[in-house]
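A short write-up of the structure that comes next.
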Number of protein chains: 2
Amino acid sequence: VASSPSPITRELARLAVRSSFAALPPAVQQESARTFLNYVGCTLGGCHDPAAEIAAAVAREGAGRAQASVVGHKFRTDLASAAFVNCLSSCVLAFDDTHLATVTHPTGPVAAALCAWAEQHPISGEEFANALALGIEVECRLSNVLLMPPAQANLSLYITGITGPIGAAVALARAMRLDEDRTTWAIGLAAAQGAGMRSTHGSMAAFFVPAHAARCGVSAALLAARGFTGSEATLEGGKGFIEVFAPAADPMQAIEGFGQRFELMANAYKPYPCGIVIHAAIDACLDAATQMPSAGSIEAVRLKVHPLTVSLTDRPQPKVPIDAQISLQHWAAACFVHRAAGLAQVRQECIDDPAVAALRARVSALGDASLARDEAIVEVLLSDGRTVSAHVPHARGSLARPMTDGELDDKFLDQARAVLGEDASRELLRRCRALAALDDVGGQLSALLDA
Amino acid sequence: VASSPSPITRELARLAVRSSFAALPPAVQQESARTFLNYVGCTLGGCHDPAAEIAAAVAREGAGRAQASVVGHKFRTDLASAAFVNCLSSCVLAFDDTHLATVTHPTGPVAAALCAWAEQHPISGEEFANALALGIEVECRLSNVLLMPPAQANLSLYITGITGPIGAAVALARAMRLDEDRTTWAIGLAAAQGAGMRSTHGSMAAFFVPAHAARCGVSAALLAARGFTGSEATLEGGKGFIEVFAPAADPMQAIEGFGQRFELMANAYKPYPCGIVIHAAIDACLDAATQMPSAGSIEAVRLKVHPLTVSLTDRPQPKVPIDAQISLQHWAAACFVHRAAGLAQVRQECIDDPAVAALRARVSALGDASLARDEAIVEVLLSDGRTVSAHVPHARGSLARPMTDGELDDKFLDQARAVLGEDASRELLRRCRALAALDDVGGQLSALLDA
């Protein structure tokens, strides 16, 4: 006779209620500020993207009480709507963070929910950082449950949309100091909203899914806080979350080593605003580009990458930024023509640049299962018959080669300047870096973010 | 070589844009008013239930612009939030409609979205009824796609939460007169929000899921209207809706015979405020109860029902209304003790009534696959050794024995009176019955619903 499943949902709620900043190892404490900084920078970077403009316009039209700022749009609205638009802004440039093992983008939904709450409810930097790390931990652990052996969830699921609501709900429940029952219900209500599929990629819907996760998490926590009940065992129980998404999964992965092993330490930040599986190829192309006089001399670019890169990003003829973000051919071509891979390389001008377009047609990609996911090899045939090549064993921004604090700062400032100007950007950077030392996160950040 | 999938998403959008009230057969035109009437009555009936009170309180706290009424709560908020609370009210008593083939509860999400929109945007009764019938049609057809052979979606999915957002989005897109592209995007954005699992049953989360579907549909349509793009082939395409929820499904079921065959005609209304699979047993028990002096003489109640009834509603000891709604034992006992099966029988007093509690313990249920889902047999052993029995081949409210207009009117008035009083209830009933003849649905209903 099979024993009844362990009460994972309630155990996660119990762990959430007991969590504290002081109990986090120093490296995790520090990483919470790094991922927060990355989130805030990306939100500023994306807040005037076309998809973010539409989301903000819809939010403004139905605008609720002025509880939280819509970053970059000079208005406030209710918590859930603000979290929605701000999370959307944070991911619209594909510049957000990535839990590499599961390709969850964990911080957006969690941080957007917490920031919205913090504006009207004083919360210390330590409490905020703890709630942030907690939400990310729960979210990524549940992504592991669904995607790691023995489970194999349907790979067409958009995992941030499936586990993001739970991460946001748990974080907000902690910030609100909900008790164990209410946290359990918040998890249940959030799990019942897990949604999203990969076919959204290539349209604005790709940014909608994480944004929706943020909103769903807020909604779950606000309802649970007032006593709206969820079922007792939503995650592990019969007809529940795991049974729906990955029936063979081992739910214990959600709680084993909780508080000792931290998924936040397996979270990576992107140096390039594009699909993370393209990054190693970008590094290889940037390297190879330095070995030749100009891109005009290129006959052919032959990439060898992990097969996943080919299956997700083989888009030889992107027409608009939303396609170009996830086009391997585009980034390879742009690297050789511009010798750079930043925000400028995903703008319409770069996509339409005849030199880039011509070179995209000369890029071919071979999937090679012997390569790691953060590895790439490029071989370039030049018109004079020469061959130039480069091998990148680990992409910049990978776990083996993480972005430095200085690189994260530059990424932040590059995105913040256009919205806040130089001085305010630097001041905001300073405060984000010192997250845990803030007395009142909302008070100390919102004046700068309410731009 | 397999042919590429037919463009179901776009075809549905095309059919939506071309749909009209005039093209609906008279029976479908009439049924749209019946299901609307049932929705409005249930919304009034449920609006002061504890779950609806919490949902309304959270909506009030973040209240957006006064675009649409929260029924029974004397305030207005933004479209999506109003649709959320009102749909929740409509399903909280488990009194809402049921598409029997798939156990979708189709009208709530669709009608709640349309009502919210109609309050500030003049729309004729014919346009409203067409949009309502359209949304229900698309929703139920997609439920068929996921659940009918050759497909078999995971039965732990809460199907109203999966297809409800799409129904609501298509209906609202039609009411907003969106073009084919924008309707396609609305479907895509709604499909990406499909969510919910059956483990929510037995907690307030069970009512949250359809309510969330209404909100998701509104959100999808409002964004798409402003040009927020969804992918071109969200339903049928690779990594899309069907692939995620039921990869073996035949997407053609979504469009075959569209405009000729109407799922609205396969939609049923409940005479009893409880899980529909209990209804035949209630009819049988009410019948048997008339054949004995009093419930006090009962030794044992033996029910024979379809196996699905046992698997979904075998709850011998419900403690609160939310359990009792889906407890076969409770309803059987209440029928014998009270000789009625209405709203009074799901209140706490009835659950705690010692006579009902004692009798619940004497009810046993046997699943019998030879019985239809709307069939039940009851055998009652009396203390004097006599046996009383009853056989109900088709439950009241089933497709073979649909509720009459008069029965629907009584159900409406029973629920509306407590909120609106007798006169206003009768006037609202009259207007709902004449839905297609209204000039301005919002204007003519909201004064009464803004209670």
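By convention here, the chains of the structure tokens are called A, B, ... in the order presented, each chain's residues are numbered starting at 1, and ligands are numbered starting at 1 in the order presented.
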
Using only C-alpha atoms, I'd like a table of the residues in chain B that come within 7 Å of chain A; for each, show the closest atom pair and its distance in Å rounded to one decimal, ordered by chain and ascending number, as a tab-separated table.
```
residue	atom	partner	partner_atom	distance
B:Ala51	CA	A:Phe228	CA	6.3
B:Ile54	CA	A:Arg226	CA	6.5
B:Ala55	CA	A:Leu223	CA	6.8
B:Val58	CA	A:Leu223	CA	6.6
B:Gly62	CA	A:Asp78	CA	4.9
B:Ala63	CA	A:Gly64	CA	4.8
B:Gly64	CA	A:Gly64	CA	3.0
B:Arg65	CA	A:Gly62	CA	5.2
B:Asp78	CA	A:Gly62	CA	4.9
B:Asn154	CA	A:Val244	CA	6.6
B:Ser156	CA	A:Lys239	CA	4.5
B:Leu157	CA	A:Val244	CA	6.6
B:Leu189	CA	A:Ala205	CA	6.1
B:Ala192	CA	A:Gly196	CA	4.5
B:Gln193	CA	A:Ala195	CA	5.1
B:Gly194	CA	A:Ala195	CA	5.8
B:Ala195	CA	A:Gln193	CA	5.1
B:Gly196	CA	A:Ala192	CA	4.5
B:Met197	CA	A:Gly240	CA	5.9
B:Arg198	CA	A:Lys239	CA	5.3
B:Ser199	CA	A:Lys239	CA	4.9
B:Thr200	CA	A:Ser231	CA	5.5
B:Gly202	CA	A:Ser231	CA	6.9
B:Ser203	CA	A:Ser231	CA	5.3
B:Met204	CA	A:Thr229	CA	5.1
B:Ala205	CA	A:Gly230	CA	4.9
B:Leu222	CA	A:Val58	CA	6.8
B:Leu223	CA	A:Val58	CA	6.5
B:Arg226	CA	A:Ile54	CA	6.5
B:Phe228	CA	A:Met204	CA	6.2
B:Thr229	CA	A:Met204	CA	5.1
B:Gly230	CA	A:Ala205	CA	4.9
B:Ser231	CA	A:Ser203	CA	5.3
B:Thr234	CA	A:Ser199	CA	6.0
B:Gly238	CA	A:Ser199	CA	6.4
B:Lys239	CA	A:Ser156	CA	4.5
B:Gly240	CA	A:Ser199	CA	4.9
B:Phe241	CA	A:Met197	CA	6.9
B:Val244	CA	A:Ser156	CA	6.1
```

Just to be explicit: take each residue in the selection above, keep N, CA and C atoms, and write the result as a CSV table (one decimal), in the first residue's frame.
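Output file again-v8.csv follows:
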```csv
chain,number,residue,atom,x,y,z
B,51,ALA,N,-17.0,33.5,0.3
B,51,ALA,CA,-16.0,33.6,-0.7
B,51,ALA,C,-16.2,34.9,-1.5
B,54,ILE,N,-15.1,38.0,0.4
B,54,ILE,CA,-13.7,38.3,0.4
B,54,ILE,C,-13.2,38.8,-0.9
B,55,ALA,N,-13.7,38.2,-2.0
B,55,ALA,CA,-13.3,38.6,-3.3
B,55,ALA,C,-13.7,40.1,-3.5
B,58,VAL,N,-11.3,42.4,-1.5
B,58,VAL,CA,-10.0,42.6,-2.1
B,58,VAL,C,-10.1,43.5,-3.3
B,62,GLY,N,-8.3,47.5,-3.9
B,62,GLY,CA,-7.5,48.0,-4.9
B,62,GLY,C,-8.3,48.7,-6.0
B,63,ALA,N,-9.6,49.0,-5.7
B,63,ALA,CA,-10.6,49.3,-6.8
B,63,ALA,C,-10.1,50.3,-7.8
B,64,GLY,N,-10.3,49.8,-9.1
B,64,GLY,CA,-9.9,50.6,-10.2
B,64,GLY,C,-11.0,51.6,-10.6
B,65,ARG,N,-10.9,52.2,-11.8
B,65,ARG,CA,-11.9,53.1,-12.3
B,65,ARG,C,-13.3,52.5,-12.2
B,78,ASP,N,-12.7,48.4,-12.2
B,78,ASP,CA,-12.3,48.1,-13.6
B,78,ASP,C,-13.0,46.9,-14.1
B,154,ASN,N,-5.7,15.3,-19.3
B,154,ASN,CA,-5.6,15.0,-17.9
B,154,ASN,C,-6.9,15.3,-17.2
B,156,SER,N,-7.6,15.6,-14.3
B,156,SER,CA,-7.4,16.4,-13.1
B,156,SER,C,-7.5,17.9,-13.4
B,157,LEU,N,-7.5,18.2,-14.7
B,157,LEU,CA,-7.7,19.6,-15.1
B,157,LEU,C,-9.1,20.1,-14.7
B,189,LEU,N,-3.6,35.1,-26.2
B,189,LEU,CA,-3.3,35.6,-24.8
B,189,LEU,C,-4.2,34.8,-23.8
B,192,ALA,N,-3.0,31.2,-23.2
B,192,ALA,CA,-1.8,31.2,-22.4
B,192,ALA,C,-2.1,31.4,-20.9
B,193,GLN,N,-3.3,31.6,-20.6
B,193,GLN,CA,-3.7,31.8,-19.2
B,193,GLN,C,-4.6,30.6,-18.7
B,194,GLY,N,-4.9,29.6,-19.6
B,194,GLY,CA,-5.7,28.5,-19.2
B,194,GLY,C,-5.1,27.8,-18.0
B,195,ALA,N,-5.8,27.6,-16.9
B,195,ALA,CA,-5.2,27.1,-15.6
B,195,ALA,C,-6.3,26.6,-14.7
B,196,GLY,N,-5.9,25.7,-13.8
B,196,GLY,CA,-6.8,25.2,-12.8
B,196,GLY,C,-6.8,23.7,-12.7
B,197,MET,N,-6.9,23.2,-11.5
B,197,MET,CA,-6.9,21.7,-11.3
B,197,MET,C,-8.0,21.4,-10.3
B,198,ARG,N,-8.5,20.1,-10.4
B,198,ARG,CA,-9.6,19.7,-9.6
B,198,ARG,C,-9.3,19.6,-8.1
B,199,SER,N,-8.1,19.7,-7.7
B,199,SER,CA,-7.8,19.6,-6.3
B,199,SER,C,-8.3,20.9,-5.6
B,200,THR,N,-8.7,21.9,-6.4
B,200,THR,CA,-9.3,23.1,-5.8
B,200,THR,C,-10.6,22.8,-5.1
B,202,GLY,N,-13.6,21.7,-3.0
B,202,GLY,CA,-13.7,21.5,-1.5
B,202,GLY,C,-13.1,22.7,-0.8
B,203,SER,N,-12.6,23.7,-1.5
B,203,SER,CA,-12.1,24.9,-0.9
B,203,SER,C,-12.6,26.1,-1.7
B,204,MET,N,-12.5,27.3,-1.2
B,204,MET,CA,-13.0,28.4,-2.0
B,204,MET,C,-12.2,28.5,-3.4
B,205,ALA,N,-11.1,27.9,-3.4
B,205,ALA,CA,-10.4,27.9,-4.7
B,205,ALA,C,-11.2,27.4,-5.9
B,222,LEU,N,-8.6,43.1,-23.8
B,222,LEU,CA,-8.2,44.5,-23.6
B,222,LEU,C,-6.8,44.8,-24.2
B,223,LEU,N,-5.9,43.8,-23.9
B,223,LEU,CA,-4.6,44.0,-24.5
B,223,LEU,C,-4.6,43.8,-26.0
B,226,ARG,N,-5.6,46.7,-28.1
B,226,ARG,CA,-4.6,47.8,-28.3
B,226,ARG,C,-3.3,47.4,-29.1
B,228,PHE,N,-1.5,44.4,-28.6
B,228,PHE,CA,-0.6,43.4,-27.9
B,228,PHE,C,-0.8,42.1,-28.6
B,229,THR,N,0.3,41.6,-29.2
B,229,THR,CA,0.2,40.4,-30.1
B,229,THR,C,0.3,39.1,-29.3
B,230,GLY,N,-0.4,38.1,-29.8
B,230,GLY,CA,-0.3,36.8,-29.4
B,230,GLY,C,0.3,36.0,-30.6
B,231,SER,N,0.7,34.8,-30.4
B,231,SER,CA,1.2,34.0,-31.5
B,231,SER,C,0.1,33.7,-32.5
B,234,THR,N,-1.7,29.7,-31.6
B,234,THR,CA,-1.6,29.3,-30.2
B,234,THR,C,-2.3,28.0,-29.9
B,238,GLY,N,2.8,24.2,-32.8
B,238,GLY,CA,3.8,23.6,-32.0
B,238,GLY,C,3.9,24.3,-30.6
B,239,LYS,N,4.1,23.5,-29.6
B,239,LYS,CA,4.3,24.0,-28.2
B,239,LYS,C,3.1,24.9,-27.8
B,240,GLY,N,1.9,24.5,-28.4
B,240,GLY,CA,0.7,25.3,-28.1
B,240,GLY,C,-0.2,24.7,-27.1
B,241,PHE,N,-1.4,25.3,-27.1
B,241,PHE,CA,-2.5,24.9,-26.2
B,241,PHE,C,-2.8,23.4,-26.2
B,244,VAL,N,0.0,21.1,-25.2
B,244,VAL,CA,0.2,21.1,-23.8
B,244,VAL,C,-0.8,20.3,-23.1
```

**Q.** 9 Å contact set for Ala390 of chain A, only C-alpha atoms, chain neighbours under 6 positions out, as number ranges by chain
**A.** A: 283-285, 287-288, 376-380

Q. Hey, what's within 6 Å of segment 413-428 of chain A if we count only C-alpha atoms and toss same-chain stuff fewer than 2 positions away? As a PyMOL selection string, please?
A. chain A and resi 41+44-45+410-411+430-431

Q: Based on DSSP run over this structure's backbone, return all residues of segment 163-375 of chain B in strand (DSSP E), as a PyMOL selection string.
A: chain B and resi 267-268+298-305+363-367

(Q) Neighbouring residues of Ala300 of chain B were defined as those with any atom within 7 Å, considering only C-alpha atoms; residues of the same chain fewer than 5 positions away were excluded. Please report them as a list in words. (A)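 Returned residues: Arg362, Val363, Val380 and Leu381 of chain B.
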
Go ahead and write the residues just picked, all heavy atoms, as a PDB file, in the first residue's frame.
```pdb
ATOM      1  N   ARG B 362     -25.913   6.655   7.349  1.00  0.00           N
ATOM      2  CA  ARG B 362     -26.635   5.462   6.886  1.00  0.00           C
ATOM      3  C   ARG B 362     -26.757   5.397   5.361  1.00  0.00           C
ATOM      4  O   ARG B 362     -27.434   4.527   4.829  1.00  0.00           O
ATOM      5  CB  ARG B 362     -28.043   5.445   7.508  1.00  0.00           C
ATOM      6  CG  ARG B 362     -28.005   5.298   9.027  1.00  0.00           C
ATOM      7  CD  ARG B 362     -29.369   5.549   9.644  1.00  0.00           C
ATOM      8  NE  ARG B 362     -29.290   5.387  11.095  1.00  0.00           N
ATOM      9  CZ  ARG B 362     -29.824   4.353  11.753  1.00  0.00           C
ATOM     10  NH1 ARG B 362     -30.495   3.415  11.118  1.00  0.00           N
ATOM     11  NH2 ARG B 362     -29.690   4.262  13.070  1.00  0.00           N
ATOM     12  N   VAL B 363     -26.100   6.344   4.681  1.00  0.00           N
ATOM     13  CA  VAL B 363     -26.172   6.368   3.213  1.00  0.00           C
ATOM     14  C   VAL B 363     -24.950   5.672   2.626  1.00  0.00           C
ATOM     15  O   VAL B 363     -23.819   6.007   2.972  1.00  0.00           O
ATOM     16  CB  VAL B 363     -26.228   7.827   2.687  1.00  0.00           C
ATOM     17  CG1 VAL B 363     -26.219   7.849   1.160  1.00  0.00           C
ATOM     18  CG2 VAL B 363     -27.445   8.566   3.240  1.00  0.00           C
ATOM     19  N   VAL B 380     -34.419   2.128  -0.053  1.00  0.00           N
ATOM     20  CA  VAL B 380     -34.407   2.547   1.346  1.00  0.00           C
ATOM     21  C   VAL B 380     -34.981   1.438   2.210  1.00  0.00           C
ATOM     22  O   VAL B 380     -36.094   0.960   1.961  1.00  0.00           O
ATOM     23  CB  VAL B 380     -35.246   3.831   1.546  1.00  0.00           C
ATOM     24  CG1 VAL B 380     -35.063   4.362   2.960  1.00  0.00           C
ATOM     25  CG2 VAL B 380     -34.867   4.884   0.517  1.00  0.00           C
ATOM     26  N   LEU B 381     -34.207   1.017   3.188  1.00  0.00           N
ATOM     27  CA  LEU B 381     -34.670   0.021   4.159  1.00  0.00           C
ATOM     28  C   LEU B 381     -35.285   0.750   5.351  1.00  0.00           C
ATOM     29  O   LEU B 381     -34.614   1.591   5.963  1.00  0.00           O
ATOM     30  CB  LEU B 381     -33.485  -0.790   4.668  1.00  0.00           C
ATOM     31  CG  LEU B 381     -33.445  -2.255   4.255  1.00  0.00           C
ATOM     32  CD1 LEU B 381     -33.231  -2.368   2.756  1.00  0.00           C
ATOM     33  CD2 LEU B 381     -32.354  -2.971   5.027  1.00  0.00           C
TER      34      LEU B 381
END
```

Q) Hey, can you check how far atom CA of Phe84 of chain A sits from atom CA of Ile159 of chain B? A)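 Rounded to one decimal, the two atoms are 24.9 Å apart.
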
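Comparing the minimum interatomic distances between Thr183 of chain A and each of A:His306, A:His330, A:Arg10, A:Arg215, counting only C-alpha atoms, we find that A:Arg10 sits nearest.
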
**Q.** Separation of atom CA of Pro210 of chain A from atom CA of Pro109 of chain A in Å
**A.**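 Interatomic distance here is 6.2 Å.
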
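If you measure from each of A:Leu147, A:Ala221, A:Phe21, A:Thr184 to Val110 of chain A using only C-alpha atoms, the closest one turns out to be A:Ala221.
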